[in-house]
Amino acid sequence: MTIEKLNRQRVLHLLDAFARGDIEAALSCCTDDVDFLTHAPIDVLPHMGPRHGKAELRDLWQTVWSRYSEVRYKAPHIVAEGEAVATYMQAYFRKRSNDRIVQFDMAVFYTFRGGLVAEIREIIDSYDLVQQVLEREIGPLITGVQVD
């Protein structure tokens, strides 16, 4: 098996573990000093700030699971090259508070070291995500337009 195929499988293993709520299994796929960064507005989603190390990533993932009862994903595009894997995913999170589904697209980039994920970078359509999380249009807030 090529390193690319192996790393692709490793990413899918991490994603599957996270989606079933097995945070420890997902963390076992990562280096002790794993570095996580997502491009999301941390003033609205403060738990999504930069994380360094397994303890901080565990805290982030536990916060996510405290707010959502179900996580599903589709990864229609996965590209691996050497120690890097890029994914385009569609994520579905069911809110614990009211069972609504938050659905968003994201690109996630993984870098491996010694067979483990050492770096995770996420790019999310945060405008759409924030509207779904807050369950309201945010355009009027940004533009200052009154909504009836």
# chains A, B, ... in the order shown; residues from 1 in each chain; ligands from 1

$ residues_around --residues "Asp32 (chain A)" --least-positions-apart "2" --cutoff "10 Å" --atoms "only C-alpha atoms" --output "list in words"
Leu27, Ser28, Cys29, Cys30, Val34, Asp35, His52, Gly53, Lys54, Ala55, Leu116, Val117 and Ala118 of chain A

$ select_by_dssp --residues "chain A" --states "alpha helix (DSSP H)" --output "PyMOL selection string"
chain A and resi 3-19+23-27+54-67+126-134+139-143

$ atom_distance --atom1 "CA of Phe18 (chain A)" --atom2 "CA of Glu137 (chain A)"
29.5 Å

$ atom_distance --atom1 "CA of Ala107 (chain A)" --atom2 "CA of His77 (chain A)"
9.4 Å
